[in-house]
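A quick write-up on the structure given underneath.
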Amino acid sequence: MKWLVVLTALVAFAECLHKMPLIKGKSARQTLKEKGLWEEYRKSHPYNPAAKFYSSGTESMTNDADLSYYGTISIGTPPQSFSVIFDTGSSNLWVPSVYCNSSACENHNQFNPSQSSTFQWGDQSLSIQYGTGSMTGLLGSDTVEVGGISVAKQVFGLSETEASFMTYMQADGILGLAFQSIASDNVVPVFNNMITQGLVSEPIFSVYLSGNSEQGSEVVFGGTDSTHYTGTITWIPLSSATYWQINMDSVTINGQTVACSGGCQAIIDTGTSQIVGPTTDINNLNSWVGASTDQSGDAIVNCQNIPSMPDVTFTLNGNAFTVPASAYVSQSSSGCMTGFGQGGTMQLWILGDVFIREYYAVFNAQSQNIGLAKSA
């Protein structure tokens, strides 16, 4: 009888977790290189990973050509499906609409409000700034289904214009998972509504990003999946409940501080592909690992050197998190490059997908902390 009770409890717990599978698809960089357009694209769209963290009154997003993880949600009744990037570095949900006349919308799914019986128009417009352009649109509300969770009356953006670089991204739109305090038009984010509508058992979501395989990555709403990490979860308090922002003490190689001397701020961001920091720090870090920067700003290394390249340790609130060269160097048919990107004069560090692939990330909205554990 006792085992039956335990089994029932485990089944109930499993039903409280809502898993959103993510696909690791082709990045914009890969698509552009295949078309022979990469060099031209990068000149006209310089990578500006810090763009979405500038305070400008409107939400911002970077033109990151290496984002490759996305999941499928649906909006409306009957449901219309969209692939979105789950972005802990922004707070709004938006997708292309049938009213969009930009070329970027032509090869993506477009929401049609007239085909949803539960859609309602809002009375505000939406503007999201990119590193090189913007997305503008209108706000409306409808039922949004994410990982088996149906969120009622979720306000979201319907794009009318989109920056040209979105043409080459596989995802249709963005689902922001940061705090309402940075949401454009003060829109209540999707996860906030999941909590207030009683749709998750805990105010927690967690992210697992697989390495090279297309399958296996996921966002779990309502808890964690212990099969995705080893050891214990280390909890780090937020220094600011805007982005998922924490205190970083230093960046070291072999015990030597190479960046973030004296401490700095870092953001755990699923919507940035690289680890990004102030340009001076990143140049020093890339120099320490033996990389040289090309004309596109990429830090190039000899692929044969990867086994002998040093580990890089990020110390967060007194806890050391080490990233080996096998994780911070990406290999492709055109060569190898580090995942350390220049953020200009911005003093924030962004610990993006390069870091999150190494460390399972847990986001607790109520206690306002982040948990990190070694990915399994």
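Going through the structure tokens in order, the chains are called A, B, and so on, while each chain numbers its residues from 1 and the ligands are numbered from 1 in the order shown.
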Just the residues within 8 Å of region 321-326 of chain A, please, counting only C-alpha atoms, with nothing from its chain fewer than 6 positions along; format it as a compact mmCIF listing (two decimals) with N, CA, C and O atoms, in the first residue's frame.
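Result saved to part-v3.txt:
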# COMPACT_ATOMS: atom_id res chain seq x y z
N ILE A 306 42.12 22.69 -29.72
CA ILE A 306 41.05 22.60 -28.72
C ILE A 306 41.43 21.73 -27.52
O ILE A 306 41.21 22.13 -26.37
N PRO A 307 42.03 20.54 -27.71
CA PRO A 307 42.35 19.69 -26.54
C PRO A 307 43.32 20.35 -25.55
O PRO A 307 43.30 20.01 -24.35
N MET A 309 43.55 23.77 -25.08
CA MET A 309 43.10 25.11 -24.67
C MET A 309 42.58 25.07 -23.23
O MET A 309 42.03 24.06 -22.78
N PRO A 310 42.74 26.17 -22.47
CA PRO A 310 42.40 26.17 -21.04
C PRO A 310 40.91 26.24 -20.76
O PRO A 310 40.12 26.72 -21.59
N ASP A 311 40.53 25.76 -19.57
CA ASP A 311 39.18 25.97 -19.06
C ASP A 311 39.03 27.44 -18.67
O ASP A 311 40.00 28.10 -18.30
N VAL A 312 37.79 27.93 -18.73
CA VAL A 312 37.49 29.29 -18.27
C VAL A 312 36.48 29.18 -17.13
O VAL A 312 35.45 28.49 -17.27
N THR A 313 36.77 29.81 -16.00
CA THR A 313 35.92 29.70 -14.81
C THR A 313 35.21 31.03 -14.53
O THR A 313 35.85 32.08 -14.45
N PHE A 314 33.90 30.94 -14.41
CA PHE A 314 33.06 32.09 -14.07
C PHE A 314 32.62 31.91 -12.62
O PHE A 314 31.94 30.92 -12.29
N THR A 315 33.01 32.83 -11.74
CA THR A 315 32.64 32.72 -10.34
C THR A 315 31.43 33.62 -10.08
O THR A 315 31.50 34.84 -10.24
N PHE A 355 27.10 28.94 -22.16
CA PHE A 355 27.15 28.65 -20.73
C PHE A 355 26.03 27.69 -20.32
O PHE A 355 26.25 26.74 -19.55
N GLU A 358 26.31 23.97 -20.64
CA GLU A 358 27.13 23.32 -19.61
C GLU A 358 26.39 23.22 -18.28
O GLU A 358 26.64 22.30 -17.50
Surrounding residues of Gly318 (chain A) excluding itself and chain neighbours under 3 positions, 12 Å, only C-alpha atoms, as JSON, numbers by chain: {"A": [234, 235, 236, 237, 246, 247, 248, 249, 250, 251, 263, 313, 314, 315, 321]}
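Among A:Phe111, A:Tyr229, A:Tyr243, A:Trp288, the residue with the shortest atom-to-atom distance to Thr257 (chain A), counting only C-alpha atoms, is A:Trp288.
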Running DSSP on the backbone, which parts of region 68-116 of chain A land in strand (DSSP E or B), as a list in words?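 Assigned to strand (DSSP E or B), within region 68-116 of chain A: Tyr69, Tyr70, Gly71, Thr72, Ile73, Ser74, Ile75, Gln80, Ser81, Phe82, Ser83, Val84, Ile85, Phe86, Asp87, Leu93, Trp94, Val95, Pro96, Ser97 and Phe111 of chain A.
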Using only C-alpha atoms for the distances, tell me which of A:Ser127, A:Thr224, A:Gln347, A:Ser159 is nearest to Ser201 (chain A). A:Thr224
If we count only C-alpha atoms, what is near region 64-79 of chain A at a cut-off of 6 Å, once residues fewer than 2 positions away on the same chain are taken out, given as a PDB file with C-alpha atoms, in the first residue's frame?
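And here is the file that came out, around_17.pdb:
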ATOM      1  CA  LEU A  22      13.065  22.581 -28.108  1.00  0.00           C
ATOM      2  CA  ILE A  23      14.549  21.809 -31.498  1.00  0.00           C
ATOM      3  CA  LYS A  24      18.161  22.749 -32.217  1.00  0.00           C
ATOM      4  CA  GLY A  25      17.707  23.961 -35.756  1.00  0.00           C
ATOM      5  CA  LYS A  26      19.800  25.687 -38.368  1.00  0.00           C
ATOM      6  CA  SER A  27      21.030  29.138 -37.329  1.00  0.00           C
ATOM      7  CA  ALA A  28      20.811  32.238 -39.523  1.00  0.00           C
ATOM      8  CA  ARG A  29      24.603  32.108 -39.882  1.00  0.00           C
ATOM      9  CA  THR A  62      19.804  41.653 -30.679  1.00  0.00           C
ATOM     10  CA  SER A  81       1.090  27.234 -34.533  1.00  0.00           C
ATOM     11  CA  PHE A  82       4.312  29.243 -34.276  1.00  0.00           C
ATOM     12  CA  SER A  83       7.937  28.437 -33.567  1.00  0.00           C
ATOM     13  CA  VAL A  84       9.425  30.811 -30.993  1.00  0.00           C
ATOM     14  CA  ILE A  85      12.699  31.437 -29.208  1.00  0.00           C
ATOM     15  CA  SER A 116      -9.674  32.901 -33.859  1.00  0.00           C
ATOM     16  CA  SER A 117     -12.958  33.059 -31.936  1.00  0.00           C
ATOM     17  CA  THR A 118     -11.169  34.006 -28.704  1.00  0.00           C
ATOM     18  CA  ASP A 142      -5.900  35.333 -26.987  1.00  0.00           C
ATOM     19  CA  THR A 143      -5.443  31.843 -25.586  1.00  0.00           C
ATOM     20  CA  VAL A 144      -1.787  30.787 -25.801  1.00  0.00           C
ATOM     21  CA  GLU A 145      -0.814  27.134 -25.446  1.00  0.00           C
ATOM     22  CA  VAL A 146       2.738  26.384 -24.278  1.00  0.00           C
ATOM     23  CA  SER A 273      23.940  32.357 -28.263  1.00  0.00           C
TER      24      SER A 273
END
Considering only C-alpha atoms, state which residue in the set A:Ser184, A:Gln110, A:Ser296, A:Gln274 is at the smallest distance from Gln129 (chain A).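 Of A:Ser184, A:Gln110, A:Ser296, A:Gln274, the one nearest Gln129 (chain A), counting only C-alpha atoms, is A:Ser184.
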Find, counting only C-alpha atoms, the residue in A:Thr227, A:Leu316, A:Gly89, A:Glu34 that gets nearest to Ser333 (chain A).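 The answer is A:Glu34, which sits nearest to Ser333 (chain A).
Nearest residue to Ser125 (chain A), choosing from A:Gly157, A:Gly148, A:Pro96, A:Gly290 and counting only C-alpha atoms: A:Gly157.
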Just checking: using only C-alpha atoms, which residue out of A:Leu138, A:Ile350, A:Ala365, A:Met20 ends up closest to Asn193 (chain A)?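 When distances to Asn193 (chain A) are compared using only C-alpha atoms, the smallest one comes from A:Ala365.
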Report as a short mmCIF file (atom, residue, chain, number, x, y, z; two decimals) with N, CA and C atoms, in the first residue's frame all protein, DNA and RNA residues lying within 6 Å of Ser217 (chain A), evaluated on only C-alpha atoms, omitting residues in the same chain fewer than 4 positions from it.
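Result file is part_24.cif:
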data_model
loop_
_atom_site.label_atom_id
_atom_site.label_comp_id
_atom_site.auth_asym_id
_atom_site.auth_seq_id
_atom_site.Cartn_x
_atom_site.Cartn_y
_atom_site.Cartn_z
N LEU A 22 12.41 21.61 -27.23
CA LEU A 22 13.06 22.58 -28.11
C LEU A 22 13.83 21.83 -29.19
N TYR A 208 17.07 23.20 -20.25
CA TYR A 208 18.15 22.28 -20.62
C TYR A 208 18.42 22.44 -22.11
N LEU A 209 19.65 22.75 -22.45
CA LEU A 209 20.05 22.87 -23.85
C LEU A 209 21.05 21.76 -24.18
N SER A 210 20.72 20.95 -25.16
CA SER A 210 21.60 19.86 -25.57
C SER A 210 22.78 20.44 -26.35
#
Long-range neighbours of Glu39 (chain A) as an MDAnalysis selection string, 12 Å cut-off, only C-alpha atoms, 2 positions minimum in chain: chainID A and resid 29:30 32:37 41:46 294:298
Could you save the residues just selected, with N, CA and C atoms, as an mmCIF file, in the first residue's frame?
data_model
loop_
_atom_site.group_PDB
_atom_site.id
_atom_site.type_symbol
_atom_site.label_atom_id
_atom_site.label_comp_id
_atom_site.auth_asym_id
_atom_site.auth_seq_id
_atom_site.Cartn_x
_atom_site.Cartn_y
_atom_site.Cartn_z
ATOM 1 N N ARG A 29 23.239 32.132 -39.342
ATOM 2 C CA ARG A 29 24.603 32.108 -39.882
ATOM 3 C C ARG A 29 24.766 30.938 -40.853
ATOM 4 N N GLN A 30 24.294 29.752 -40.449
ATOM 5 C CA GLN A 30 24.416 28.571 -41.313
ATOM 6 C C GLN A 30 23.655 28.769 -42.626
ATOM 7 N N LEU A 32 22.797 31.604 -44.091
ATOM 8 C CA LEU A 32 23.433 32.640 -44.905
ATOM 9 C C LEU A 32 24.721 32.144 -45.555
ATOM 10 N N LYS A 33 25.494 31.342 -44.823
ATOM 11 C CA LYS A 33 26.727 30.801 -45.401
ATOM 12 C C LYS A 33 26.411 29.862 -46.566
ATOM 13 N N GLU A 34 25.346 29.073 -46.411
ATOM 14 C CA GLU A 34 24.949 28.165 -47.482
ATOM 15 C C GLU A 34 24.551 28.931 -48.741
ATOM 16 N N LYS A 35 23.992 30.125 -48.537
ATOM 17 C CA LYS A 35 23.566 30.949 -49.669
ATOM 18 C C LYS A 35 24.667 31.889 -50.166
ATOM 19 N N GLY A 36 25.841 31.843 -49.509
ATOM 20 C CA GLY A 36 26.940 32.717 -49.887
ATOM 21 C C GLY A 36 26.704 34.171 -49.541
ATOM 22 N N LEU A 37 25.870 34.418 -48.529
ATOM 23 C CA LEU A 37 25.484 35.787 -48.187
ATOM 24 C C LEU A 37 26.029 36.253 -46.837
ATOM 25 N N TYR A 41 25.975 40.033 -45.239
ATOM 26 C CA TYR A 41 25.004 40.209 -44.150
ATOM 27 C C TYR A 41 25.660 40.801 -42.911
ATOM 28 N N ARG A 42 26.824 40.264 -42.536
ATOM 29 C CA ARG A 42 27.457 40.715 -41.302
ATOM 30 C C ARG A 42 27.940 42.161 -41.417
ATOM 31 N N LYS A 43 28.324 42.581 -42.620
ATOM 32 C CA LYS A 43 28.723 43.981 -42.814
ATOM 33 C C LYS A 43 27.533 44.919 -42.653
ATOM 34 N N SER A 44 26.388 44.509 -43.170
ATOM 35 C CA SER A 44 25.208 45.383 -43.107
ATOM 36 C C SER A 44 24.444 45.218 -41.793
ATOM 37 N N HIS A 45 24.675 44.111 -41.082
ATOM 38 C CA HIS A 45 24.039 43.878 -39.787
ATOM 39 C C HIS A 45 25.110 43.522 -38.750
ATOM 40 N N PRO A 46 25.930 44.482 -38.344
ATOM 41 C CA PRO A 46 26.980 44.175 -37.351
ATOM 42 C C PRO A 46 26.361 43.572 -36.094
ATOM 43 N N ASP A 294 38.760 38.026 -36.428
ATOM 44 C CA ASP A 294 38.749 38.323 -37.865
ATOM 45 C C ASP A 294 37.950 39.597 -38.140
ATOM 46 N N GLN A 295 37.790 39.944 -39.412
ATOM 47 C CA GLN A 295 37.144 41.200 -39.781
ATOM 48 C C GLN A 295 35.659 41.217 -39.438
ATOM 49 N N SER A 296 35.071 40.050 -39.236
ATOM 50 C CA SER A 296 33.653 39.989 -38.855
ATOM 51 C C SER A 296 33.454 40.073 -37.356
ATOM 52 N N GLY A 297 34.572 40.070 -36.617
ATOM 53 C CA GLY A 297 34.476 40.123 -35.158
ATOM 54 C C GLY A 297 34.469 38.765 -34.503
ATOM 55 N N ASP A 298 34.593 37.701 -35.306
ATOM 56 C CA ASP A 298 34.625 36.346 -34.751
ATOM 57 C C ASP A 298 36.025 36.018 -34.248
#
At a cut-off of 12 Å, using only C-alpha atoms, what residues contact Val207 (chain A)? Leave out same-chain residues fewer than 3 positions from it and give the result as a CSV table (one decimal) with N, CA, C and O atoms, in the first residue's frame.
chain,number,residue,atom,x,y,z
A,18,HIS,N,5.4,20.6,-16.9
A,18,HIS,CA,4.9,20.8,-18.3
A,18,HIS,C,6.2,21.0,-19.2
A,18,HIS,O,6.9,22.0,-19.0
A,19,LYS,N,6.5,20.0,-20.0
A,19,LYS,CA,7.7,20.0,-20.8
A,19,LYS,C,7.5,20.6,-22.2
A,19,LYS,O,6.6,20.1,-22.9
A,20,MET,N,8.3,21.6,-22.6
A,20,MET,CA,8.2,22.2,-23.9
A,20,MET,C,9.5,21.8,-24.6
A,20,MET,O,10.6,22.3,-24.4
A,21,PRO,N,9.4,20.8,-25.6
A,21,PRO,CA,10.6,20.4,-26.3
A,21,PRO,C,11.1,21.5,-27.2
A,21,PRO,O,10.3,22.3,-27.8
A,22,LEU,N,12.4,21.6,-27.2
A,22,LEU,CA,13.1,22.6,-28.1
A,22,LEU,C,13.8,21.8,-29.2
A,22,LEU,O,14.4,20.8,-28.9
A,69,TYR,N,17.9,27.4,-30.9
A,69,TYR,CA,16.9,26.6,-30.2
A,69,TYR,C,15.5,27.2,-30.2
A,69,TYR,O,15.4,28.4,-29.9
A,70,TYR,N,14.5,26.5,-30.6
A,70,TYR,CA,13.2,27.0,-30.6
A,70,TYR,C,12.1,25.9,-30.4
A,70,TYR,O,12.4,24.7,-30.5
A,86,PHE,N,12.5,30.9,-26.9
A,86,PHE,CA,12.2,31.1,-25.4
A,86,PHE,C,13.4,31.9,-24.8
A,86,PHE,O,14.5,31.4,-24.7
A,87,ASP,N,13.1,33.2,-24.6
A,87,ASP,CA,14.1,34.2,-24.3
A,87,ASP,C,14.1,34.7,-22.9
A,87,ASP,O,13.2,35.5,-22.6
A,88,THR,N,15.0,34.3,-22.0
A,88,THR,CA,15.0,34.9,-20.7
A,88,THR,C,15.6,36.3,-20.6
A,88,THR,O,15.7,36.8,-19.5
A,177,LEU,N,10.8,35.5,-21.2
A,177,LEU,CA,10.6,34.9,-19.9
A,177,LEU,C,11.2,35.7,-18.8
A,177,LEU,O,11.4,35.2,-17.7
A,204,ILE,N,8.4,28.2,-11.0
A,204,ILE,CA,9.7,27.8,-11.5
A,204,ILE,C,9.6,27.3,-12.9
A,204,ILE,O,8.7,26.6,-13.3
A,210,SER,N,20.7,21.0,-25.2
A,210,SER,CA,21.6,19.9,-25.6
A,210,SER,C,22.8,20.4,-26.3
A,210,SER,O,22.7,21.6,-26.8
A,216,GLY,N,16.1,16.8,-27.6
A,216,GLY,CA,16.5,16.6,-26.2
A,216,GLY,C,16.4,17.9,-25.4
A,216,GLY,O,16.3,17.9,-24.2
A,217,SER,N,16.6,19.1,-26.0
A,217,SER,CA,16.5,20.3,-25.3
A,217,SER,C,15.1,20.6,-24.9
A,217,SER,O,14.2,20.2,-25.6
A,218,GLU,N,14.9,21.3,-23.8
A,218,GLU,CA,13.5,21.6,-23.4
A,218,GLU,C,13.5,22.7,-22.3
A,218,GLU,O,14.5,22.9,-21.6
A,219,VAL,N,12.3,23.3,-22.2
A,219,VAL,CA,12.0,24.2,-21.1
A,219,VAL,C,10.9,23.4,-20.3
A,219,VAL,O,10.0,22.9,-20.9
A,220,VAL,N,11.1,23.3,-19.0
A,220,VAL,CA,10.1,22.7,-18.1
A,220,VAL,C,9.5,23.8,-17.3
A,220,VAL,O,10.1,24.6,-16.6
A,221,PHE,N,8.2,23.9,-17.4
A,221,PHE,CA,7.4,24.9,-16.6
A,221,PHE,C,6.8,24.2,-15.4
A,221,PHE,O,6.2,23.1,-15.5
A,222,GLY,N,7.0,24.8,-14.2
A,222,GLY,CA,6.5,24.2,-13.0
A,222,GLY,C,7.5,23.4,-12.1
A,222,GLY,O,7.1,22.9,-11.1
A,223,GLY,N,8.7,23.3,-12.5
A,223,GLY,CA,9.7,22.6,-11.7
A,223,GLY,C,10.9,22.3,-12.5
A,223,GLY,O,11.3,23.0,-13.4
A,224,THR,N,11.6,21.2,-12.1
A,224,THR,CA,12.9,20.8,-12.8
A,224,THR,C,12.8,19.3,-13.2
A,224,THR,O,11.9,18.6,-12.7
A,225,ASP,N,13.7,18.9,-14.1
A,225,ASP,CA,13.8,17.5,-14.5
A,225,ASP,C,15.2,17.0,-14.1
A,225,ASP,O,16.2,17.4,-14.7
A,226,SER,N,15.2,16.2,-13.1
A,226,SER,CA,16.5,15.7,-12.5
A,226,SER,C,17.3,14.9,-13.5
A,226,SER,O,18.5,14.6,-13.2
A,228,HIS,N,18.2,15.8,-16.3
A,228,HIS,CA,19.0,16.7,-17.1
A,228,HIS,C,20.2,17.3,-16.4
A,228,HIS,O,21.0,18.1,-16.9
A,229,TYR,N,20.4,16.9,-15.1
A,229,TYR,CA,21.6,17.5,-14.4
A,229,TYR,C,22.1,16.5,-13.4
A,229,TYR,O,21.5,15.5,-13.0
A,268,ILE,N,21.8,35.6,-17.1
A,268,ILE,CA,21.6,34.3,-17.7
A,268,ILE,C,20.5,34.4,-18.8
A,268,ILE,O,19.4,34.7,-18.5
A,269,ASP,N,21.0,34.3,-20.0
A,269,ASP,CA,20.1,34.6,-21.1
A,269,ASP,C,20.0,33.5,-22.2
A,269,ASP,O,21.0,33.3,-23.0
A,270,THR,N,18.9,32.9,-22.3
A,270,THR,CA,18.7,31.8,-23.3
A,270,THR,C,18.5,32.4,-24.7
A,270,THR,O,18.6,31.7,-25.7
A,271,GLY,N,18.3,33.8,-24.8
A,271,GLY,CA,18.1,34.4,-26.0
A,271,GLY,C,19.4,35.0,-26.6
A,271,GLY,O,19.4,35.9,-27.5
A,352,GLY,N,25.1,33.3,-22.2
A,352,GLY,CA,24.1,32.8,-23.1
A,352,GLY,C,24.2,31.3,-23.2
A,352,GLY,O,24.6,30.5,-22.3
A,353,ASP,N,23.8,30.8,-24.4
A,353,ASP,CA,23.7,29.3,-24.7
A,353,ASP,C,25.0,28.6,-24.5
A,353,ASP,O,24.9,27.4,-24.1
A,355,PHE,N,27.1,28.9,-22.2
A,355,PHE,CA,27.1,28.6,-20.7
A,355,PHE,C,26.0,27.7,-20.3
A,355,PHE,O,26.3,26.7,-19.6
A,356,ILE,N,24.8,27.9,-20.8
A,356,ILE,CA,23.6,27.1,-20.4
A,356,ILE,C,23.7,25.7,-20.9
A,356,ILE,O,23.2,24.8,-20.3
A,357,ARG,N,24.4,25.4,-22.0
A,357,ARG,CA,24.6,24.0,-22.4
A,357,ARG,C,25.4,23.3,-21.4
A,357,ARG,O,25.2,22.1,-21.2
A,358,GLU,N,26.3,24.0,-20.6
A,358,GLU,CA,27.1,23.3,-19.6
A,358,GLU,C,26.4,23.2,-18.3
A,358,GLU,O,26.6,22.3,-17.5
A,359,TYR,N,25.5,24.2,-18.0
A,359,TYR,CA,24.8,24.2,-16.7
A,359,TYR,C,23.3,24.4,-16.9
A,359,TYR,O,22.8,25.3,-17.4
A,360,TYR,N,22.6,23.3,-16.4
A,360,TYR,CA,21.2,23.3,-16.3
A,360,TYR,C,20.7,24.6,-15.5
A,360,TYR,O,21.2,24.8,-14.4
A,361,ALA,N,19.8,25.3,-16.0
A,361,ALA,CA,19.4,26.6,-15.4
A,361,ALA,C,18.0,26.5,-14.9
A,361,ALA,O,17.1,26.2,-15.6
A,362,VAL,N,17.8,26.9,-13.6
A,362,VAL,CA,16.5,26.9,-13.0
A,362,VAL,C,16.1,28.4,-12.6
A,362,VAL,O,16.9,29.0,-11.9
A,363,PHE,N,15.0,28.8,-13.0
A,363,PHE,CA,14.6,30.2,-12.8
A,363,PHE,C,13.4,30.3,-11.8
A,363,PHE,O,12.3,29.8,-12.1
A,364,ASN,N,13.6,30.8,-10.6
A,364,ASN,CA,12.5,30.9,-9.6
A,364,ASN,C,12.0,32.3,-9.5
A,364,ASN,O,12.7,33.2,-9.0
A,370,ILE,N,18.3,32.1,-9.1
A,370,ILE,CA,18.6,31.2,-10.2
A,370,ILE,C,19.4,30.0,-9.7
A,370,ILE,O,20.3,30.2,-8.9
A,371,GLY,N,19.0,28.8,-10.1
A,371,GLY,CA,19.7,27.6,-9.7
A,371,GLY,C,20.5,27.1,-10.9
A,371,GLY,O,20.1,27.1,-12.1
A,372,LEU,N,21.8,26.7,-10.7
A,372,LEU,CA,22.6,26.1,-11.7
A,372,LEU,C,23.2,24.8,-11.3
A,372,LEU,O,23.6,24.6,-10.1
A,373,ALA,N,23.2,23.8,-12.2
A,373,ALA,CA,23.7,22.5,-11.9
A,373,ALA,C,24.4,22.0,-13.1
A,373,ALA,O,23.9,22.3,-14.3
A,375,SER,N,25.1,20.1,-16.3
A,375,SER,CA,24.2,19.4,-17.2
A,375,SER,C,24.6,17.9,-17.4
A,375,SER,O,25.8,17.6,-17.4
